[in-house]
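Undergrad: Would you mind keeping the following structure in view while I ask a few things?
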Amino acid sequence: MATPEPKPEPRPLLELAGVSMSFGGLVVIDGLDLVVNEHEIVSVIGPNGAGKTTLFNLITGIYSPTAGEIRLDGESLVGMPPHKIARRGAARTFQTLRLFLNMSVIENVMASQYGQTKVGIARAMLRTPAMRREEREIRARAEEKLAFFGKRLMGYRWDQPAYSLSYANRRRLEIARAMATEPKILLLDEPAAGMNPTETHEITELIGQLRDDGGYTILLIEHDMHVVEGISDRVVALDHGVKIAEGSFDAVATDPRVVEAYLGTKAASTK
Amino acid sequence: MSDQSNTPVPDPPDAEAQTRIGVDSWVAESEDRQARKRGFFGPAARGWDASPDPVKLFLFIAVAGTIPFWMNEGDLFVYGLFTVLYATLGLGLNVVVGFAGLLDLGYVAYFGIGAYGYALVSSDHYGIHWPTLASLPAVMVFTGLIGLGLGLTSRRLVGDYFAIVTLFFLQAFLVFTNTANPVIHGIGLTGGSSGIGNLDPLEFFGYSLTSVKQQYYFFLLVLVLATAGLYFANRSRTGRAWRALREDPLAAEVMSIPVNRLKRLAIVMGAALAGLCGAIFAAIQTAVTSSNFTLNVLIFIFAVVILGGIGSIAGPILGAIVINVSFQFLQPQNDHPSIKRWLFYGAIVLFIALMKPWYRAVVVLVGTVAFGLAVHAIVSATAAASWTAGTVTDAGSGSAGKAIADWVVIPNQTLHGGFATYAYIGLVVLVCVVRSVTGWWRTVVLIPTLYMAAVVWENVLAPNPAVTAEILFGVLLIVIMTVRPQGLIGTARVEII
């Protein structure tokens with residue numbers, strides 16, 4: 001699956017053009033343009049309430065934009081129900097973890113393969129050979145995704161309920177669950193939130209591996225600048241639903257508008 | 001901190017078990033180990049848990065299959081057939097409530113539609129007599145379609161609102177069959193309050209199921225097939241998707257699971273199974289009336305599912321056995337008064353025997369017996385003879401009845417009608433006192449309380465079996481649901497951690 005090709009022509013995978021979203025009179029996203037190329041890691045930063053999670057909700061179809069166009073691999077996602085968008089290849093994790101807590105660890109990863117599997121209820125009740133073959137494939141794929149996280153989610157953990165996992169492992173399981181939908185683009189909403197420095201370092205490396213070994217394109221929301229600095233090909237800064245800066249980490253981090261958004265005008269002027 | 005085991009620690013070569021202590025998996029399993037030691041029926045429960053699921057099903061079939069050999073037809077109808085009926089209905093409701101998490105209060109309507117559907121195509125009502133092999137699938141498809149129609153509202157109506165709409169649907173169904181009774185081809189479609197009678201029996205390949213035994217075996221076959229089918233369904237991608245959407249519908253939807261379609265599928269499957277039950281039920285009764293499909297039945301089926309354990313396959317079956325057998329057993333028309341009495345006194349003795357420490361149990365037991373004899377002696381010595389002139393209701397064997405009459409004060413009902421009421425109030429007061437005192441005071445107050453319970457039983461409950469049945473049934477449900485809030489074999493769901 002690895003793609004050793006050294007910088008071919010960058011192919012846009014996810015394109016947002018003039019996307020706006022407002023709740024009543026409150027404009028949360030205002031005319032946003034964003035392109036994520038294949039095999040790229042793009043980080044979205046911005047202060048609280050900048051519209052980052054709303055952006056993810058728009059891409060995954062939880063909200064429908066009030067204006068603008070969202071395309072994945074050339075196909076418009078606007079108005080499509082979330083499960084179809086997931087099948088087209090956009091999978092996400094949640095900032096506030098939303099695992100299927102009372103299901104086992106491996107079941108969480110097996111459940112999210114629903115979209116790419118076919119056997120219906122009738123064949124399941126009769127337990128036909130095709131059904132059993134597909135079940136084996138589902139399980140094998142789930143084990144493969146969990147193996148991505150080393151020993152942490154392996155072995156006896158498979159049959160433990162998800163609520164028994166530690167916080168960091170829950171974040172890993174959410175990523176594994178998203179990976180199991182076989183997405184083209186992974187949307188990670190604050191994957192390092194609530195992790196200690198060692199775990200943060202680990203998850204940063206892991207995100208790099210997801211791109212290099214897994215072949216995923218990644219759009220990332222993160223507050224931890226060490227994570228953003230370590231892996232981002234490109235950084236997009238949002239404030240009040242407007243893109244205020246875009247480019248390499250160093251360029252964005254020193255952009256006066258970004259500093260202003262984070263620290264306020266007075267700090268920006270004294271700096 | 002949870003992953004300390006990653007740092008390589010050299011294992012001592014001798015004791016494998018020692019090194020496991022403190023390791024993640026050991027910690028994770030420790031709760032199970034602790035739970036395993038506890039419990040009165042521990043060994044049996046462990047053996048049951050350890051046996052693979054097909055073995056459990058075969059054990060169930062083996063036990064259920066031998067029941068007709070030692071039970072008479074009347075009991076088989078009440079205890080066997082109705083238990084299987086409620087178990088199958090519970091399985092269907094479990095798909096809707098347990099798997100998909102939809103509170104469908106109109107479930108009994110599908111049961112009724114199935115029954116009426118069978119009646120219309122298998123009776124002289126319209127002179128239509130379809131073969132059973134055609135009518136049963138047709139009824140299932142029809143009720144499934146009705147379920148689909150109602151399920152379409154589940155897209156917009158979530159949670160309580162869906163419950164309200166489905167409850168309304170059940171009431172509308174009852175009004176339609178009982179009161180509306182539209183006239184089609186000169187005949188009332190549903191026969192009004194008298195319903196439709198003289199239905200054809202189930203008939204397969206020229207072989208009619210007319211005896212209770214045959215009907216029981218057929219229904220048992222349906223139950224086993226439904227159990228196996230739903231067991232496999234639960235372990236398929238659809239089953240996982242159902243459980244996922246019950247856990248978190250939004251996350252399920254984002255994880256490529258079509259939530260609305262799967263909800264409708266659950267409703268349709270539950271409805272079709274209920275319709276099948278209705279058709280078989282109608283054929284067995286050879287009649288249908290709308291009084292068979294009231295809210296009582298709905299509550300009964302919900303009790304079966306909740307008590308058995310929501311979301312588990314074996315739960316509704318166990319729930320149906322416990323609820324139906326105990327309910328029917330307590331009914332006055334299936335009367336077993338002396339057994340009921342021994343159950344009552346047995347429960348009191350068991351309650352005393354479980355007290356700790358043991359000498360407290362001895363004190364209470366001896367004290368209660370002595371207290372009763374003393375009270376009886378005082379009353380018969382000081383009061384008029386009518387105060388002890390009452391007789392034990394349904395005493396069973398003579399000596400036991402006489403012993404109870406010498407211990408419990410039973411006044412003549414006609415002369416001292418108010419006594420029963422005061423005894424009842426006295427018992428409530430005593431229970432309140434017992435609850436509010438501690439230590440030896442509790443032991444002391446417990447003695448008159450237990451005696452008063454016996455007085456109430458003999459004076460109030462035993463003479464009124466119909467009311468007693470309802471009270472005891474309610475007490476049983478409350479006790480079971482208090483002891484096991486997650487259901488008999490359900491697992492407690494964790495909502496937020």
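Each chain of the structure tokens is named A, B, ... in the order shown, its residues numbered from 1; ligands are numbered from 1 in display order.
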I need the contact residues of chain B against chain A, so if you could list those with any atom within 9 Å, counting only C-alpha atoms, and return them as number ranges by chain, that would help.

TA: B: 2-3, 6, 25, 28, 228-241, 243-248, 250-259, 493-497

Undergrad: Go through stretch 42-252 of chain A and collect every residue that DSSP, computed from the backbone, puts in alpha helix (DSSP H); the answer should be as JSON, numbers by chain.

TA: {"A": [52, 53, 54, 55, 56, 57, 58, 59, 82, 83, 84, 85, 86, 87, 88, 105, 106, 107, 108, 109, 110, 111, 121, 122, 123, 124, 125, 126, 129, 130, 131, 132, 133, 134, 135, 136, 137, 138, 139, 140, 141, 142, 143, 144, 145, 146, 147, 167, 168, 169, 170, 171, 172, 173, 174, 175, 176, 177, 178, 179, 197, 198, 199, 200, 201, 202, 203, 204, 205, 206, 207, 208, 209, 210, 211, 212, 225, 226, 227, 228, 229, 230, 231, 249, 250, 251, 252]}

Undergrad: Can those selected residues be exported to a file as a CSV table (one decimal), in the first residue's frame so that it contains C-alpha atoms?

TA:
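Ended up saving to part_39.csv:
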chain,number,residue,atom,x,y,z
A,52,LYS,CA,-13.3,23.7,13.0
A,53,THR,CA,-15.6,20.9,14.2
A,54,THR,CA,-18.5,22.5,12.2
A,55,LEU,CA,-16.2,22.1,9.2
A,56,PHE,CA,-15.9,18.3,9.9
A,57,ASN,CA,-19.7,18.1,10.5
A,58,LEU,CA,-20.2,19.7,7.1
A,59,ILE,CA,-17.8,17.3,5.3
A,82,PRO,CA,-23.7,10.7,6.3
A,83,HIS,CA,-23.7,7.0,5.8
A,84,LYS,CA,-23.3,7.5,2.1
A,85,ILE,CA,-20.6,10.0,2.5
A,86,ALA,CA,-18.8,7.4,4.7
A,87,ARG,CA,-19.1,4.9,1.9
A,88,ARG,CA,-17.7,7.4,-0.6
A,105,VAL,CA,-13.4,-3.5,21.0
A,106,ILE,CA,-13.3,-5.6,17.9
A,107,GLU,CA,-17.0,-5.3,17.4
A,108,ASN,CA,-16.6,-1.5,17.2
A,109,VAL,CA,-14.2,-2.0,14.3
A,110,MET,CA,-16.3,-4.7,12.7
A,111,ALA,CA,-19.5,-2.6,12.9
A,121,ILE,CA,-30.4,-10.2,6.9
A,122,ALA,CA,-31.9,-13.2,5.2
A,123,ARG,CA,-28.6,-14.8,4.4
A,124,ALA,CA,-27.3,-13.9,7.8
A,125,MET,CA,-30.2,-15.8,9.5
A,126,LEU,CA,-29.5,-18.8,7.3
A,129,PRO,CA,-21.3,-19.9,3.1
A,130,ALA,CA,-21.1,-16.5,1.6
A,131,MET,CA,-22.1,-14.9,4.8
A,132,ARG,CA,-19.6,-16.8,6.8
A,133,ARG,CA,-16.8,-16.0,4.3
A,134,GLU,CA,-17.7,-12.3,4.6
A,135,GLU,CA,-17.7,-12.5,8.4
A,136,ARG,CA,-14.2,-13.9,8.3
A,137,GLU,CA,-13.1,-11.1,6.0
A,138,ILE,CA,-14.7,-8.5,8.3
A,139,ARG,CA,-13.0,-9.9,11.3
A,140,ALA,CA,-9.6,-10.2,9.6
A,141,ARG,CA,-9.9,-6.6,8.4
A,142,ALA,CA,-10.8,-5.5,12.0
A,143,GLU,CA,-7.8,-7.3,13.4
A,144,GLU,CA,-5.6,-5.7,10.7
A,145,LYS,CA,-6.8,-2.2,11.6
A,146,LEU,CA,-6.3,-2.8,15.3
A,147,ALA,CA,-2.8,-4.2,14.7
A,167,TYR,CA,-8.9,7.4,27.4
A,168,ALA,CA,-5.9,7.2,25.1
A,169,ASN,CA,-6.9,3.7,23.9
A,170,ARG,CA,-10.4,5.0,23.2
A,171,ARG,CA,-8.9,7.6,21.0
A,172,ARG,CA,-6.9,4.9,19.2
A,173,LEU,CA,-10.0,2.7,18.9
A,174,GLU,CA,-11.9,5.6,17.3
A,175,ILE,CA,-9.2,6.0,14.7
A,176,ALA,CA,-9.2,2.2,14.1
A,177,ARG,CA,-13.0,2.3,13.7
A,178,ALA,CA,-12.7,5.2,11.2
A,179,MET,CA,-10.0,3.3,9.3
A,197,PRO,CA,3.3,14.0,26.4
A,198,THR,CA,4.5,10.5,25.7
A,199,GLU,CA,1.1,9.5,24.2
A,200,THR,CA,1.0,12.7,22.2
A,201,HIS,CA,4.4,12.0,20.8
A,202,GLU,CA,3.2,8.5,19.9
A,203,ILE,CA,0.0,9.6,18.2
A,204,THR,CA,2.0,12.2,16.2
A,205,GLU,CA,4.2,9.4,14.8
A,206,LEU,CA,1.1,7.2,14.3
A,207,ILE,CA,-0.6,9.9,12.2
A,208,GLY,CA,2.5,10.1,10.1
A,209,GLN,CA,2.4,6.3,9.6
A,210,LEU,CA,-1.2,6.4,8.7
A,211,ARG,CA,-0.2,8.5,5.7
A,212,ASP,CA,3.0,6.8,4.8
A,225,MET,CA,1.1,22.8,18.3
A,226,HIS,CA,3.7,20.2,18.8
A,227,VAL,CA,1.5,17.7,16.9
A,228,VAL,CA,0.7,20.2,14.2
A,229,GLU,CA,4.3,21.2,13.8
A,230,GLY,CA,5.5,17.6,13.6
A,231,ILE,CA,3.4,16.3,10.9
A,249,PHE,CA,3.5,25.6,9.8
A,250,ASP,CA,6.2,28.3,10.3
A,251,ALA,CA,4.5,30.7,7.9
A,252,VAL,CA,1.1,30.3,9.6

Undergrad: Find the residues near B:Val379: any atom within 8 Å, counting only C-alpha atoms, skip ones fewer than 4 places away on the same chain, and give them as number ranges by chain.

TA: B: 375, 383, 387-388, 409

Undergrad: Just give me the gap between atom CA of B:Gln331 and atom CA of B:Val78 in Å, one decimal is fine.

TA: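 Between these atoms lies a distance of 10.6 Å.
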
Undergrad: If we count only C-alpha atoms and set the cut-off at 7 Å, which residues sit around A:Gly241, ignoring sequence neighbours fewer than 5 positions away in its own chain? Please answer as a PDB file with N, CA and C atoms, in the first residue's frame.

TA:
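Output below, filename around_16.pdb:
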ATOM      1  N   VAL A  28     -21.258  30.516  11.109  1.00  0.00           N
ATOM      2  CA  VAL A  28     -20.176  29.745  11.727  1.00  0.00           C
ATOM      3  C   VAL A  28     -19.039  29.533  10.744  1.00  0.00           C
ATOM      4  N   ILE A  29     -19.379  29.283   9.487  1.00  0.00           N
ATOM      5  CA  ILE A  29     -18.374  29.163   8.429  1.00  0.00           C
ATOM      6  C   ILE A  29     -18.780  30.142   7.337  1.00  0.00           C
ATOM      7  N   ASP A  30     -17.823  30.908   6.863  1.00  0.00           N
ATOM      8  CA  ASP A  30     -18.174  31.967   5.919  1.00  0.00           C
ATOM      9  C   ASP A  30     -17.294  31.873   4.675  1.00  0.00           C
ATOM     10  N   ALA A  50     -13.962  28.662  16.391  1.00  0.00           N
ATOM     11  CA  ALA A  50     -13.581  29.148  15.076  1.00  0.00           C
ATOM     12  C   ALA A  50     -14.342  28.441  13.960  1.00  0.00           C
ATOM     13  N   GLY A  51     -14.998  27.322  14.273  1.00  0.00           N
ATOM     14  CA  GLY A  51     -15.756  26.597  13.261  1.00  0.00           C
ATOM     15  C   GLY A  51     -15.062  25.343  12.764  1.00  0.00           C
TER      16      GLY A  51
END

Undergrad: If you measure from atom CA of B:Ile301 to atom CA of B:Pro316, what distance in Å do you get, rounded to one decimal?

TA: 8.8 Å

Undergrad: Using only C-alpha atoms, determine which residues lie at most 9 Å from B:Ile164, disregarding the query and same-chain residues fewer than 3 positions distant; provide the list as an MDAnalysis selection string.

TA: chainID B and resid 104:106 160:161 167:169

Undergrad: Any idea what's packed within 10 Å of B:Gly80, counting only C-alpha atoms, ignoring anything in its chain fewer than 3 positions away? Could you give it as JSON, numbers by chain?

TA: {"B": [64, 67, 68, 71, 73, 74, 75, 76, 77, 83, 84, 85, 212, 213, 216, 217, 219, 220, 321, 324, 325]}

Undergrad: Go ahead and save the picked residues with C-alpha atoms, as a PDB file, in the first residue's frame.

TA:
ATOM      1  CA  ALA B  64     -39.176 -28.396  26.523  1.00  0.00           C
ATOM      2  CA  ILE B  67     -42.954 -31.557  28.899  1.00  0.00           C
ATOM      3  CA  PRO B  68     -45.992 -32.970  26.988  1.00  0.00           C
ATOM      4  CA  MET B  71     -48.169 -32.762  31.749  1.00  0.00           C
ATOM      5  CA  GLU B  73     -53.488 -31.201  28.204  1.00  0.00           C
ATOM      6  CA  GLY B  74     -54.998 -28.413  30.287  1.00  0.00           C
ATOM      7  CA  ASP B  75     -51.726 -27.594  32.014  1.00  0.00           C
ATOM      8  CA  LEU B  76     -49.785 -27.950  28.781  1.00  0.00           C
ATOM      9  CA  PHE B  77     -52.058 -25.360  27.179  1.00  0.00           C
ATOM     10  CA  THR B  83     -45.006 -19.725  27.572  1.00  0.00           C
ATOM     11  CA  VAL B  84     -43.869 -20.540  24.041  1.00  0.00           C
ATOM     12  CA  LEU B  85     -46.236 -17.892  22.674  1.00  0.00           C
ATOM     13  CA  VAL B 212     -52.673 -29.282  22.309  1.00  0.00           C
ATOM     14  CA  LYS B 213     -49.630 -31.537  22.043  1.00  0.00           C
ATOM     15  CA  TYR B 216     -47.276 -27.125  21.317  1.00  0.00           C
ATOM     16  CA  TYR B 217     -44.656 -28.941  19.280  1.00  0.00           C
ATOM     17  CA  PHE B 219     -45.105 -23.593  18.207  1.00  0.00           C
ATOM     18  CA  LEU B 220     -41.945 -24.863  19.883  1.00  0.00           C
ATOM     19  CA  ILE B 321     -40.918 -19.034  31.433  1.00  0.00           C
ATOM     20  CA  ASN B 324     -45.963 -16.891  32.398  1.00  0.00           C
ATOM     21  CA  VAL B 325     -45.483 -19.890  34.663  1.00  0.00           C
TER      22      VAL B 325
END

Undergrad: Using DSSP secondary structure from the backbone, list all strand (DSSP E) positions within stretch 66-265 of chain B, as a list in words.

TA: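 DSSP on the backbone gives strand (DSSP E) at Ser122, Ser123, Ile128, His129, Val183, Ile184, Ile187, Gly188, Ile196, Gly197, Leu202, Glu203, Phe204, Tyr207, Ser208 and Leu209 of chain B.
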
Undergrad: Generate the output file for the selected residues, N, CA and C atoms, as a PDB file, in the first residue's frame.

TA:
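Output file out08.pdb is given in full below:
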ATOM      1  N   SER B 122     -59.043 -17.900   6.768  1.00  0.00           N
ATOM      2  CA  SER B 122     -59.146 -19.304   7.181  1.00  0.00           C
ATOM      3  C   SER B 122     -60.412 -19.548   7.998  1.00  0.00           C
ATOM      4  N   SER B 123     -61.540 -19.013   7.530  1.00  0.00           N
ATOM      5  CA  SER B 123     -62.773 -19.265   8.273  1.00  0.00           C
ATOM      6  C   SER B 123     -63.967 -19.119   7.336  1.00  0.00           C
ATOM      7  N   ILE B 128     -63.466 -17.962   2.967  1.00  0.00           N
ATOM      8  CA  ILE B 128     -62.152 -18.142   2.345  1.00  0.00           C
ATOM      9  C   ILE B 128     -61.364 -19.147   3.190  1.00  0.00           C
ATOM     10  N   HIS B 129     -60.782 -20.141   2.551  1.00  0.00           N
ATOM     11  CA  HIS B 129     -60.011 -21.134   3.303  1.00  0.00           C
ATOM     12  C   HIS B 129     -58.683 -21.373   2.606  1.00  0.00           C
ATOM     13  N   VAL B 183     -68.346  -2.611   7.359  1.00  0.00           N
ATOM     14  CA  VAL B 183     -69.093  -3.667   6.664  1.00  0.00           C
ATOM     15  C   VAL B 183     -68.561  -3.813   5.245  1.00  0.00           C
ATOM     16  N   ILE B 184     -68.068  -5.005   4.936  1.00  0.00           N
ATOM     17  CA  ILE B 184     -67.555  -5.288   3.599  1.00  0.00           C
ATOM     18  C   ILE B 184     -68.258  -6.548   3.105  1.00  0.00           C
ATOM     19  N   ILE B 187     -70.813  -8.090   5.439  1.00  0.00           N
ATOM     20  CA  ILE B 187     -70.424  -8.665   6.729  1.00  0.00           C
ATOM     21  C   ILE B 187     -69.430  -7.716   7.397  1.00  0.00           C
ATOM     22  N   GLY B 188     -69.551  -7.564   8.709  1.00  0.00           N
ATOM     23  CA  GLY B 188     -68.583  -6.756   9.440  1.00  0.00           C
ATOM     24  C   GLY B 188     -67.206  -7.382   9.334  1.00  0.00           C
ATOM     25  N   ILE B 196     -64.263 -13.118  15.443  1.00  0.00           N
ATOM     26  CA  ILE B 196     -64.465 -14.110  14.394  1.00  0.00           C
ATOM     27  C   ILE B 196     -64.220 -15.479  15.001  1.00  0.00           C
ATOM     28  N   GLY B 197     -65.142 -16.389  14.765  1.00  0.00           N
ATOM     29  CA  GLY B 197     -64.999 -17.717  15.360  1.00  0.00           C
ATOM     30  C   GLY B 197     -64.854 -18.811  14.315  1.00  0.00           C
ATOM     31  N   LEU B 202     -54.494 -25.241  12.027  1.00  0.00           N
ATOM     32  CA  LEU B 202     -53.308 -25.275  11.173  1.00  0.00           C
ATOM     33  C   LEU B 202     -53.247 -26.642  10.511  1.00  0.00           C
ATOM     34  N   GLU B 203     -52.906 -26.654   9.220  1.00  0.00           N
ATOM     35  CA  GLU B 203     -52.890 -27.928   8.509  1.00  0.00           C
ATOM     36  C   GLU B 203     -51.702 -27.964   7.568  1.00  0.00           C
ATOM     37  N   PHE B 204     -50.870 -28.966   7.723  1.00  0.00           N
ATOM     38  CA  PHE B 204     -49.708 -29.110   6.855  1.00  0.00           C
ATOM     39  C   PHE B 204     -49.777 -30.458   6.152  1.00  0.00           C
ATOM     40  N   TYR B 207     -52.374 -32.795   7.290  1.00  0.00           N
ATOM     41  CA  TYR B 207     -52.232 -33.248   8.668  1.00  0.00           C
ATOM     42  C   TYR B 207     -52.588 -32.059   9.563  1.00  0.00           C
ATOM     43  N   SER B 208     -53.746 -32.130  10.245  1.00  0.00           N
ATOM     44  CA  SER B 208     -54.217 -30.986  11.030  1.00  0.00           C
ATOM     45  C   SER B 208     -53.640 -31.027  12.438  1.00  0.00           C
ATOM     46  N   LEU B 209     -53.312 -29.848  12.921  1.00  0.00           N
ATOM     47  CA  LEU B 209     -52.832 -29.746  14.291  1.00  0.00           C
ATOM     48  C   LEU B 209     -54.020 -29.380  15.176  1.00  0.00           C
TER      49      LEU B 209
END
